[in-house]
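Written out below as structure tokens is the structure these notes cover.
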Amino acid sequence: MRRYSKTLVFFLSLWPIYVISYQIIFNQLGPEPVDRIINHFGEWTLIFILLTLSMTPLKQITKSVEWIKFRRMLGLFTFFYASIHMLSYVGLDYRFDFEPLINDVLKKKFIFIGFSAWLLLIPLAVTSSEKMVRLLKQNWKKIHRLIYIIGIFGVLHYIWLSKTIFFKPLIFLIILIILLLFRIKITRSAYKI
Amino acid sequence: MIKFKNSEITPENIYKKRRSFIKSVGLGASTLAMSSIPFLNKSLASERDKLTSYKDITTYNNYYEFGTSKSDPYRNSQIFKTTPWDIAIEGEVEKPIKLSMEEISEMFISEERIYRLRCVEGWSMVIPWMGFSLSKLLSKVNPTNKAKFVEFESVYDPAQMKGQRYPVLNWPYNEGLRIDEAMHPLTTVVTGLYGKKLPNQNGAPLRIFIPWKYGFKSAKAIVKIKFVENMPTSSWMWASPREYGFYSNVNPNVDHPRWSQATERIIGEGVWAPRVKTLMFNGYGDEVASLYSGLDLKKNF
């Protein structure tokens, strides 16, 4: 069973693709389909950031290292969905019309911070392989701490684009804060030892 | 979930045929009424002026009293009670009055008014409202010389409106207009759409509609209309004064801090339809631009 757990998580992680494919095929995207597609992948990107950040706390809580083997895959899915999210905005919504897009990135703070979060994901995706971990040694850990900043940027992106923080943005914010507080706790107890 | 019975709805194709019939014959008071509506005058109505479907108009709504998601209002408003319903007209008037919905529907005849609704979020619909000019209703009272603005207050009923149980906005929903804006013939009291009674999720039993302003200016389920001396602070101004101004005229040249207002997406057009350019005053500039001569619209957004 354990041998197949990674394969299982892989196919489960494709859930957002199954959902949107179903909605496209059966014409269930609703009155604003472009918005629906963009929001769908945006929301799933955030969910995958939170899932990625949950693995280390789960390891601590359950005292099982099993969780860590999913972390890289979940992180790469985060990058995958973030890229579809951004591409659907650039391609579907703005038809690769770069003038208003550049204007948006520079002038609208929620787009600026969202785009920054996507840029920051690139070095993490590039250095995700086993080879890179060995090559970068101590620096690898430092680079991959960027995920905390990416998580904060991602949730801020959601809060700023929403007309009100109630309720979904607030829920994401609370979960993110809990997951980040875990890090503070972990490092503190590490220092004590 | 309550579904509409098929028999309750005039099928859209018949509805549209009926309209083109009236138009082609060129008779009837409604044709005359429609000729005052700018974009219908063009003999070839473009793609953007096509009526939005009844389904989209009644299932895709921003009505935070019933929840913040677009599908919430339809889902959560079906059991909302709109009878009995009174509307008070008060404030800086010689004699305040209170009218029931029945009295209002007897006093004023609703006509079909097709207007584009442009949401501040960057999408638009074309809606065949039923209604009459607000000026007719306001003429039932005599404002004092102190009256400069008109304030609209929506119903406060957290027992029936579950969105009001949370501090999403400062309830009750509040909006306002300058008196000359309120008296403009395009400013409409809405009582129905697609030739039918106004659905709850669209603001039943009575709402206002101001075609040249962003949708949130058009308050729903109104219980009080108040003449006041000072510029009212609307619910959205109160929530974020930097983002929502008092005027909130549709203006492609003034961006919302978070959204560009240069273009809009037409509801019901599908995944591959491109955005279209947003029109100044939502296309009603010929009628309303004079209201704002000499006013810096960048500052008074």
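So you can find residues: chains in the structure tokens are A, B, ... in the order shown, residues in each start at 1, and ligands are numbered from 1 in order.
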Residues within 10 Å of Leu121 (chain A), only C-alpha atoms, excluding chain neighbours under 6 positions, as a CSV table (one decimal) with C-alpha atoms, in the first residue's frame:
chain,number,residue,atom,x,y,z
A,75,GLY,CA,5.0,21.9,-4.2
A,76,LEU,CA,5.3,21.2,-7.9
A,78,THR,CA,1.4,24.4,-6.6
A,79,PHE,CA,3.6,25.7,-9.3
A,80,PHE,CA,1.6,23.8,-12.0
A,82,ALA,CA,-0.2,28.8,-10.3
A,83,SER,CA,1.1,28.7,-13.9
A,115,PHE,CA,2.7,37.8,-10.1
A,144,HIS,CA,13.0,26.9,-0.1
A,146,LEU,CA,10.7,31.3,0.1
A,147,ILE,CA,7.6,29.2,0.3
A,150,ILE,CA,4.9,32.9,-1.4
Contact residues (chain A, partner chain B, 10 Å, only C-alpha atoms) as an mmCIF file with C-alpha atoms, in the first residue's frame:
data_model
loop_
_atom_site.group_PDB
_atom_site.id
_atom_site.type_symbol
_atom_site.label_atom_id
_atom_site.label_comp_id
_atom_site.auth_asym_id
_atom_site.auth_seq_id
_atom_site.Cartn_x
_atom_site.Cartn_y
_atom_site.Cartn_z
ATOM 1 C CA ILE A 24 -16.103 22.641 -19.711
ATOM 2 C CA ASN A 27 -21.068 23.545 -20.177
ATOM 3 C CA LEU A 29 -18.908 27.112 -16.129
ATOM 4 C CA GLY A 30 -21.750 29.562 -15.475
ATOM 5 C CA PRO A 31 -22.369 33.086 -16.745
ATOM 6 C CA GLU A 32 -18.761 34.235 -16.440
ATOM 7 C CA PRO A 33 -16.712 31.242 -17.639
ATOM 8 C CA VAL A 34 -13.360 33.016 -17.959
ATOM 9 C CA ASP A 35 -13.587 34.292 -14.414
ATOM 10 C CA ARG A 36 -14.616 30.842 -13.261
ATOM 11 C CA ILE A 37 -11.547 29.195 -14.805
ATOM 12 C CA LEU A 92 -8.000 33.776 -21.899
ATOM 13 C CA ASP A 93 -8.872 37.055 -20.250
ATOM 14 C CA TYR A 94 -6.416 39.446 -21.866
ATOM 15 C CA ARG A 95 -5.648 37.540 -25.098
ATOM 16 C CA PRO A 100 -3.029 46.481 -20.360
ATOM 17 C CA ASN A 103 -0.274 48.257 -16.711
ATOM 18 C CA ASP A 104 -2.172 45.893 -14.398
ATOM 19 C CA LYS A 107 -0.647 49.525 -10.985
ATOM 20 C CA LYS A 108 -2.810 46.927 -9.281
ATOM 21 C CA LYS A 109 -1.226 45.747 -6.083
ATOM 22 C CA PHE A 110 -3.086 42.431 -6.019
ATOM 23 C CA ILE A 111 -1.791 41.533 -9.473
ATOM 24 C CA TRP A 160 -6.801 42.277 -2.000
ATOM 25 C CA LEU A 161 -8.759 41.112 -5.010
ATOM 26 C CA SER A 162 -11.858 40.304 -2.951
ATOM 27 C CA LYS A 163 -14.380 43.027 -2.226
ATOM 28 C CA THR A 164 -14.579 41.803 1.357
ATOM 29 C CA ILE A 165 -12.475 39.427 3.435
ATOM 30 C CA PHE A 166 -15.601 37.396 4.308
ATOM 31 C CA PHE A 167 -15.362 34.437 4.235
ATOM 32 C CA LYS A 168 -13.073 32.437 1.978
#
Using only C-alpha atoms, determine which residues lie at most 12 Å from Leu14 (chain A), disregarding the query and same-chain residues fewer than 3 positions distant; provide the list as a ChimeraX atom specification. /A:7-11,17-21,41,44-45,48,73-74,76-78,80-81
Taking N, CA and C atoms for each residue, export the selection above as an mmCIF file, in the first residue's frame.
data_model
loop_
_atom_site.group_PDB
_atom_site.id
_atom_site.type_symbol
_atom_site.label_atom_id
_atom_site.label_comp_id
_atom_site.auth_asym_id
_atom_site.auth_seq_id
_atom_site.Cartn_x
_atom_site.Cartn_y
_atom_site.Cartn_z
ATOM 1 N N THR A 7 1.711 7.472 -5.938
ATOM 2 C CA THR A 7 0.907 7.445 -7.169
ATOM 3 C C THR A 7 -0.509 7.914 -6.875
ATOM 4 N N LEU A 8 -1.030 7.455 -5.742
ATOM 5 C CA LEU A 8 -2.387 7.839 -5.345
ATOM 6 C C LEU A 8 -2.482 9.354 -5.148
ATOM 7 N N VAL A 9 -1.517 9.908 -4.418
ATOM 8 C CA VAL A 9 -1.522 11.361 -4.176
ATOM 9 C C VAL A 9 -1.409 12.117 -5.502
ATOM 10 N N PHE A 10 -0.629 11.574 -6.421
ATOM 11 C CA PHE A 10 -0.482 12.212 -7.728
ATOM 12 C C PHE A 10 -1.834 12.326 -8.445
ATOM 13 N N PHE A 11 -2.557 11.224 -8.493
ATOM 14 C CA PHE A 11 -3.844 11.251 -9.199
ATOM 15 C C PHE A 11 -4.905 12.065 -8.456
ATOM 16 N N ILE A 17 -8.216 19.407 -12.228
ATOM 17 C CA ILE A 17 -8.282 19.225 -13.685
ATOM 18 C C ILE A 17 -9.535 18.435 -14.056
ATOM 19 N N TYR A 18 -9.836 17.391 -13.270
ATOM 20 C CA TYR A 18 -11.053 16.615 -13.551
ATOM 21 C C TYR A 18 -12.280 17.522 -13.463
ATOM 22 N N VAL A 19 -12.321 18.329 -12.386
ATOM 23 C CA VAL A 19 -13.490 19.181 -12.148
ATOM 24 C C VAL A 19 -13.699 20.158 -13.302
ATOM 25 N N ILE A 20 -12.636 20.855 -13.673
ATOM 26 C CA ILE A 20 -12.801 21.894 -14.702
ATOM 27 C C ILE A 20 -13.084 21.253 -16.066
ATOM 28 N N SER A 21 -12.500 20.083 -16.324
ATOM 29 C CA SER A 21 -12.776 19.405 -17.596
ATOM 30 C C SER A 21 -14.246 19.037 -17.677
ATOM 31 N N PHE A 41 -8.467 27.888 -10.667
ATOM 32 C CA PHE A 41 -7.053 27.526 -10.527
ATOM 33 C C PHE A 41 -6.358 28.379 -9.466
ATOM 34 N N TRP A 44 -7.223 26.722 -6.146
ATOM 35 C CA TRP A 44 -6.502 25.460 -5.978
ATOM 36 C C TRP A 44 -5.017 25.671 -5.758
ATOM 37 N N THR A 45 -4.464 26.740 -6.347
ATOM 38 C CA THR A 45 -3.062 27.057 -6.067
ATOM 39 C C THR A 45 -2.874 27.309 -4.580
ATOM 40 N N PHE A 48 -3.073 24.170 -2.575
ATOM 41 C CA PHE A 48 -1.842 23.372 -2.664
ATOM 42 C C PHE A 48 -0.676 23.990 -1.906
ATOM 43 N N MET A 73 6.157 16.816 -4.440
ATOM 44 C CA MET A 73 5.110 16.684 -5.452
ATOM 45 C C MET A 73 4.028 17.756 -5.267
ATOM 46 N N LEU A 74 3.614 17.976 -4.014
ATOM 47 C CA LEU A 74 2.586 18.991 -3.745
ATOM 48 C C LEU A 74 3.095 20.380 -4.117
ATOM 49 N N LEU A 76 5.302 21.044 -6.430
ATOM 50 C CA LEU A 76 5.314 21.156 -7.890
ATOM 51 C C LEU A 76 3.909 21.337 -8.450
ATOM 52 N N PHE A 77 2.918 20.725 -7.806
ATOM 53 C CA PHE A 77 1.528 20.954 -8.218
ATOM 54 C C PHE A 77 1.126 22.409 -7.961
ATOM 55 N N THR A 78 1.630 22.974 -6.859
ATOM 56 C CA THR A 78 1.382 24.392 -6.591
ATOM 57 C C THR A 78 1.855 25.229 -7.773
ATOM 58 N N PHE A 80 2.421 24.214 -10.812
ATOM 59 C CA PHE A 80 1.624 23.837 -11.983
ATOM 60 C C PHE A 80 0.308 24.623 -12.020
ATOM 61 N N TYR A 81 -0.428 24.623 -10.907
ATOM 62 C CA TYR A 81 -1.717 25.315 -10.884
ATOM 63 C C TYR A 81 -1.546 26.837 -10.913
#
Using only C-alpha atoms, which protein or nucleic acid residues come within 9 Å of region 50-64 of chain A? Drop anything in the same chain fewer than 3 positions from it, and give the result as a list in words. Thr45, Leu46, Ile47, Trp67, Ile68, Lys69, Phe70, Arg71, Arg72, Met73, Leu74, Gly75, Thr78, Ile147, Tyr148, Gly151, Phe172, Ile175, Leu176, Leu179, Leu180, Phe182, Arg183 and Ile186 of chain A
For the interface of region 95-116 of chain B with region 190-197 of chain B (cut-off 12 Å, counting only C-alpha atoms), please tabulate each contacting residue of region 95-116 of chain B alongside its nearest pair of atoms and their separation in Å to one decimal, rows sorted by chain and increasing number, as CSV.
residue,atom,partner,partner_atom,distance
B:Met101,CA,B:Thr191,CA,9.6
B:Glu102,CA,B:Thr191,CA,11.4
B:Ile104,CA,B:Thr191,CA,9.8
B:Ser105,CA,B:Thr191,CA,8.5
B:Phe108,CA,B:Thr191,CA,10.4
B:Ile109,CA,B:Thr191,CA,10.0
B:Ser110,CA,B:Thr191,CA,7.2
B:Glu111,CA,B:Gly195,CA,8.8
B:Glu112,CA,B:Gly195,CA,7.3
B:Arg113,CA,B:Leu193,CA,8.9
B:Ile114,CA,B:Leu193,CA,9.3
B:Tyr115,CA,B:Leu193,CA,11.0
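Atom pair CA of Cys119 (chain B) / CA of Thr233 (chain B) has a distance of 19.8 Å (rounded to one decimal).
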If you measure from CA of Lys148 (chain B) to CA of Met231 (chain B), what distance in Å do you get, rounded to one decimal? 7.8 Å
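The two atoms in question, CA of Leu136 (chain A) and CA of Ser116 (chain A), are spaced 23.3 Å apart.
Contact shell of Leu177 (chain B) at 6 Å (only C-alpha atoms; same-chain neighbours under 2 positions omitted): Phe149, Val150, Glu181 and Ala182 of chain B.
Distances to Asp296 (chain B) were evaluated for B:Tyr247, B:Tyr54, B:Tyr173, B:Trp129 using only C-alpha atoms, and the minimum falls at B:Tyr247.
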Backbone-only DSSP, helix (DSSP H, G or I) members of region 103-257 of chain B, as a ChimeraX atom specification: /B:103-107,134-138,162-165,179-182,200-202,215-217,235-239
Those same residues - C-alpha atoms - I'd like them written as a PDB file, in the first residue's frame.
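The resulting file, again34.pdb, is shown below:
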ATOM      1  CA  GLU B 103     -50.390  51.920  -3.440  1.00  0.00           C
ATOM      2  CA  ILE B 104     -47.217  52.373  -5.461  1.00  0.00           C
ATOM      3  CA  SER B 105     -48.231  49.864  -8.127  1.00  0.00           C
ATOM      4  CA  GLU B 106     -51.634  51.564  -8.394  1.00  0.00           C
ATOM      5  CA  MET B 107     -50.192  55.048  -8.623  1.00  0.00           C
ATOM      6  CA  LEU B 134     -38.011  57.894  -9.676  1.00  0.00           C
ATOM      7  CA  SER B 135     -38.894  61.569 -10.218  1.00  0.00           C
ATOM      8  CA  LYS B 136     -42.577  60.563 -10.390  1.00  0.00           C
ATOM      9  CA  LEU B 137     -42.405  58.995  -6.949  1.00  0.00           C
ATOM     10  CA  LEU B 138     -40.365  61.833  -5.470  1.00  0.00           C
ATOM     11  CA  LYS B 162     -28.353  35.699   6.584  1.00  0.00           C
ATOM     12  CA  GLY B 163     -25.607  37.844   5.098  1.00  0.00           C
ATOM     13  CA  GLN B 164     -26.658  40.595   7.504  1.00  0.00           C
ATOM     14  CA  ARG B 165     -25.667  38.465  10.482  1.00  0.00           C
ATOM     15  CA  ILE B 179     -31.185  65.525  -6.150  1.00  0.00           C
ATOM     16  CA  ASP B 180     -30.662  66.307  -9.830  1.00  0.00           C
ATOM     17  CA  GLU B 181     -29.384  62.752 -10.396  1.00  0.00           C
ATOM     18  CA  ALA B 182     -32.359  61.324  -8.545  1.00  0.00           C
ATOM     19  CA  ASN B 200     -36.216  38.461  -4.735  1.00  0.00           C
ATOM     20  CA  GLN B 201     -32.574  38.045  -5.710  1.00  0.00           C
ATOM     21  CA  ASN B 202     -32.824  41.107  -7.963  1.00  0.00           C
ATOM     22  CA  GLY B 215     -24.309  48.482 -10.197  1.00  0.00           C
ATOM     23  CA  PHE B 216     -23.761  48.850  -6.461  1.00  0.00           C
ATOM     24  CA  LYS B 217     -25.287  52.373  -6.596  1.00  0.00           C
ATOM     25  CA  SER B 235     -22.220  51.548   2.710  1.00  0.00           C
ATOM     26  CA  TRP B 236     -19.410  51.035   0.207  1.00  0.00           C
ATOM     27  CA  MET B 237     -17.875  54.460   0.890  1.00  0.00           C
ATOM     28  CA  TRP B 238     -17.949  53.572   4.547  1.00  0.00           C
ATOM     29  CA  ALA B 239     -16.265  50.213   3.848  1.00  0.00           C
TER      30      ALA B 239
END
Counting only C-alpha atoms, what is within 10 Å of Leu117 (chain B), bar same-chain residues fewer than 6 positions away, as a PyMOL selection string? chain B and resi 123-127+209-216+218+250+282
Counting only C-alpha atoms, figure out which residue out of B:Leu295, B:Tyr74, B:Tyr63, B:Arg116 gets nearest to Pro128 (chain B). B:Arg116
Which of region 77-294 of chain B counts as strand (DSSP E or B) under DSSP, as a short mmCIF file (atom, residue, chain, number, x, y, z; two decimals) with N, CA and C atoms, in the first residue's frame please?
data_model
loop_
_atom_site.label_atom_id
_atom_site.label_comp_id
_atom_site.auth_asym_id
_atom_site.auth_seq_id
_atom_site.Cartn_x
_atom_site.Cartn_y
_atom_site.Cartn_z
N ASP B 86 -43.73 48.53 3.11
CA ASP B 86 -43.97 49.98 3.07
C ASP B 86 -42.68 50.73 2.72
N ILE B 87 -42.85 51.81 2.02
CA ILE B 87 -41.69 52.66 1.71
C ILE B 87 -41.97 54.07 2.26
N ALA B 88 -41.08 54.52 3.12
CA ALA B 88 -41.24 55.85 3.73
C ALA B 88 -40.43 56.86 2.93
N ILE B 89 -41.04 58.00 2.64
CA ILE B 89 -40.29 59.10 2.02
C ILE B 89 -40.28 60.23 3.03
N GLU B 90 -39.12 60.57 3.54
CA GLU B 90 -39.05 61.47 4.68
C GLU B 90 -37.80 62.35 4.65
N GLY B 91 -37.44 62.92 5.79
CA GLY B 91 -36.27 63.79 5.87
C GLY B 91 -36.67 65.23 5.62
N VAL B 93 -38.49 67.12 3.98
CA VAL B 93 -39.69 67.30 3.16
C VAL B 93 -40.76 67.96 4.01
N ILE B 97 -44.27 60.95 3.86
CA ILE B 97 -45.34 60.00 3.55
C ILE B 97 -44.84 58.56 3.64
N LYS B 98 -45.80 57.69 3.74
CA LYS B 98 -45.48 56.26 3.75
C LYS B 98 -46.41 55.58 2.77
N LEU B 99 -45.85 54.84 1.83
CA LEU B 99 -46.67 54.19 0.80
C LEU B 99 -46.47 52.69 0.85
N SER B 100 -47.56 51.96 0.67
CA SER B 100 -47.42 50.50 0.60
C SER B 100 -47.10 50.13 -0.85
N GLU B 111 -43.26 50.53 -17.04
CA GLU B 111 -43.05 50.30 -18.47
C GLU B 111 -41.75 49.53 -18.64
N GLU B 112 -41.56 48.97 -19.82
CA GLU B 112 -40.31 48.26 -20.05
C GLU B 112 -39.17 49.25 -20.30
N ARG B 113 -38.06 49.02 -19.60
CA ARG B 113 -36.89 49.89 -19.78
C ARG B 113 -35.66 49.00 -19.89
N ILE B 114 -35.06 49.00 -21.06
CA ILE B 114 -33.91 48.13 -21.28
C ILE B 114 -32.63 48.91 -21.06
N TYR B 115 -31.89 48.53 -20.03
CA TYR B 115 -30.66 49.24 -19.72
C TYR B 115 -29.52 48.26 -19.52
N ARG B 116 -28.31 48.77 -19.78
CA ARG B 116 -27.13 47.98 -19.50
C ARG B 116 -26.75 48.16 -18.03
N LEU B 117 -26.44 47.06 -17.38
CA LEU B 117 -25.93 47.09 -16.00
C LEU B 117 -24.43 46.83 -16.06
N ARG B 118 -23.64 47.78 -15.58
CA ARG B 118 -22.19 47.59 -15.56
C ARG B 118 -21.76 47.46 -14.11
N TRP B 123 -17.94 43.45 -15.36
CA TRP B 123 -18.81 42.69 -16.25
C TRP B 123 -20.09 43.46 -16.47
N SER B 124 -20.84 43.08 -17.52
CA SER B 124 -22.08 43.80 -17.80
C SER B 124 -23.16 42.86 -18.32
N MET B 125 -24.41 43.30 -18.11
CA MET B 125 -25.58 42.59 -18.61
C MET B 125 -26.50 43.63 -19.26
N VAL B 126 -27.41 43.16 -20.12
CA VAL B 126 -28.46 44.04 -20.64
C VAL B 126 -29.79 43.50 -20.13
N ILE B 127 -30.50 44.31 -19.37
CA ILE B 127 -31.66 43.82 -18.63
C ILE B 127 -32.93 44.56 -19.02
N PRO B 128 -33.98 43.82 -19.41
CA PRO B 128 -35.27 44.47 -19.66
C PRO B 128 -36.03 44.66 -18.36
N TRP B 129 -35.77 45.76 -17.69
CA TRP B 129 -36.45 46.06 -16.43
C TRP B 129 -37.89 46.46 -16.68
N MET B 130 -38.72 46.40 -15.66
CA MET B 130 -40.02 47.04 -15.64
C MET B 130 -39.94 48.12 -14.57
N GLY B 131 -40.36 49.33 -14.91
CA GLY B 131 -40.26 50.37 -13.89
C GLY B 131 -40.75 51.73 -14.39
N PHE B 132 -40.50 52.74 -13.58
CA PHE B 132 -40.90 54.11 -13.92
C PHE B 132 -39.88 55.06 -13.32
N SER B 133 -39.90 56.31 -13.78
CA SER B 133 -38.89 57.26 -13.31
C SER B 133 -39.08 57.58 -11.83
N PRO B 143 -39.88 68.70 -1.15
CA PRO B 143 -38.66 68.85 -0.38
C PRO B 143 -38.51 70.29 0.12
N PHE B 149 -29.60 66.18 -1.25
CA PHE B 149 -29.30 64.80 -1.64
C PHE B 149 -30.47 63.88 -1.30
N VAL B 150 -30.48 62.72 -1.95
CA VAL B 150 -31.49 61.72 -1.63
C VAL B 150 -30.77 60.46 -1.18
N GLU B 151 -31.21 59.92 -0.04
CA GLU B 151 -30.57 58.75 0.52
C GLU B 151 -31.52 57.56 0.41
N PHE B 152 -30.99 56.40 0.06
CA PHE B 152 -31.83 55.20 -0.05
C PHE B 152 -31.40 54.19 1.01
N GLU B 153 -32.37 53.69 1.75
CA GLU B 153 -32.04 52.71 2.76
C GLU B 153 -32.72 51.39 2.41
N SER B 154 -31.93 50.31 2.39
CA SER B 154 -32.48 48.99 2.11
C SER B 154 -32.96 48.35 3.39
N ASN B 174 -26.91 51.20 2.31
CA ASN B 174 -27.22 52.60 2.18
C ASN B 174 -26.61 53.15 0.90
N GLU B 175 -27.39 53.91 0.15
CA GLU B 175 -26.86 54.55 -1.05
C GLU B 175 -27.40 55.97 -1.17
N GLY B 176 -26.86 56.75 -2.08
CA GLY B 176 -27.34 58.11 -2.21
C GLY B 176 -27.10 58.70 -3.59
N LEU B 177 -27.89 59.73 -3.90
CA LEU B 177 -27.74 60.46 -5.15
C LEU B 177 -27.89 61.95 -4.86
N ARG B 178 -27.32 62.77 -5.76
CA ARG B 178 -27.63 64.19 -5.70
C ARG B 178 -29.08 64.34 -6.19
N THR B 188 -34.45 55.05 -12.39
CA THR B 188 -35.67 54.25 -12.47
C THR B 188 -36.00 53.56 -11.15
N VAL B 189 -37.29 53.55 -10.82
CA VAL B 189 -37.77 52.68 -9.75
C VAL B 189 -38.14 51.36 -10.43
N VAL B 190 -37.50 50.27 -10.01
CA VAL B 190 -37.71 48.99 -10.68
C VAL B 190 -38.68 48.12 -9.89
N THR B 191 -39.65 47.56 -10.60
CA THR B 191 -40.62 46.67 -9.96
C THR B 191 -40.66 45.29 -10.62
N GLY B 192 -39.95 45.14 -11.75
CA GLY B 192 -39.98 43.84 -12.43
C GLY B 192 -38.88 43.71 -13.47
N LEU B 193 -38.80 42.54 -14.08
CA LEU B 193 -37.91 42.36 -15.21
C LEU B 193 -38.45 41.26 -16.12
N LYS B 196 -42.06 40.45 -15.87
CA LYS B 196 -42.57 39.73 -14.70
C LYS B 196 -42.25 40.49 -13.42
N LYS B 197 -42.87 40.06 -12.34
CA LYS B 197 -42.59 40.61 -11.02
C LYS B 197 -41.09 40.48 -10.73
N ARG B 207 -36.64 48.32 -6.14
CA ARG B 207 -35.25 48.79 -6.09
C ARG B 207 -35.14 49.99 -7.00
N ILE B 208 -33.99 50.63 -6.97
CA ILE B 208 -33.76 51.68 -7.96
C ILE B 208 -32.72 51.18 -8.95
N PHE B 209 -32.67 51.82 -10.11
CA PHE B 209 -31.63 51.49 -11.09
C PHE B 209 -31.17 52.76 -11.76
N LYS B 213 -24.36 54.49 -13.68
CA LYS B 213 -23.48 54.28 -12.53
C LYS B 213 -23.21 52.80 -12.32
N ILE B 222 -35.74 48.50 -1.16
CA ILE B 222 -35.71 49.79 -0.46
C ILE B 222 -36.91 49.96 0.47
N VAL B 223 -36.63 50.45 1.69
CA VAL B 223 -37.71 50.72 2.64
C VAL B 223 -37.82 52.21 2.98
N LYS B 224 -36.74 52.94 2.70
CA LYS B 224 -36.77 54.35 3.08
C LYS B 224 -36.05 55.21 2.05
N ILE B 225 -36.68 56.32 1.70
CA ILE B 225 -36.05 57.31 0.83
C ILE B 225 -36.05 58.61 1.60
N LYS B 226 -34.86 59.18 1.79
CA LYS B 226 -34.74 60.31 2.70
C LYS B 226 -34.08 61.49 1.99
N PHE B 227 -34.71 62.64 2.04
CA PHE B 227 -34.07 63.85 1.53
C PHE B 227 -33.16 64.41 2.62
N VAL B 228 -31.92 64.69 2.26
CA VAL B 228 -30.97 65.17 3.27
C VAL B 228 -30.19 66.39 2.76
N ASN B 249 -19.78 57.00 -11.19
CA ASN B 249 -20.23 56.95 -12.58
C ASN B 249 -19.35 55.98 -13.34
N THR B 263 -12.23 48.02 -19.75
CA THR B 263 -12.96 47.02 -20.52
C THR B 263 -13.94 46.26 -19.63
N GLU B 264 -14.82 45.51 -20.27
CA GLU B 264 -15.75 44.69 -19.50
C GLU B 264 -16.03 43.39 -20.24
N ARG B 265 -16.49 42.43 -19.48
CA ARG B 265 -16.84 41.14 -20.02
C ARG B 265 -18.37 41.06 -20.07
N ILE B 266 -18.92 40.59 -21.20
CA ILE B 266 -20.37 40.52 -21.32
C ILE B 266 -20.85 39.16 -20.81
N VAL B 276 -14.94 43.76 -24.05
CA VAL B 276 -15.27 44.90 -24.91
C VAL B 276 -14.95 46.19 -24.16
N LYS B 277 -14.76 47.26 -24.92
CA LYS B 277 -14.41 48.54 -24.31
C LYS B 277 -15.61 49.08 -23.52
#
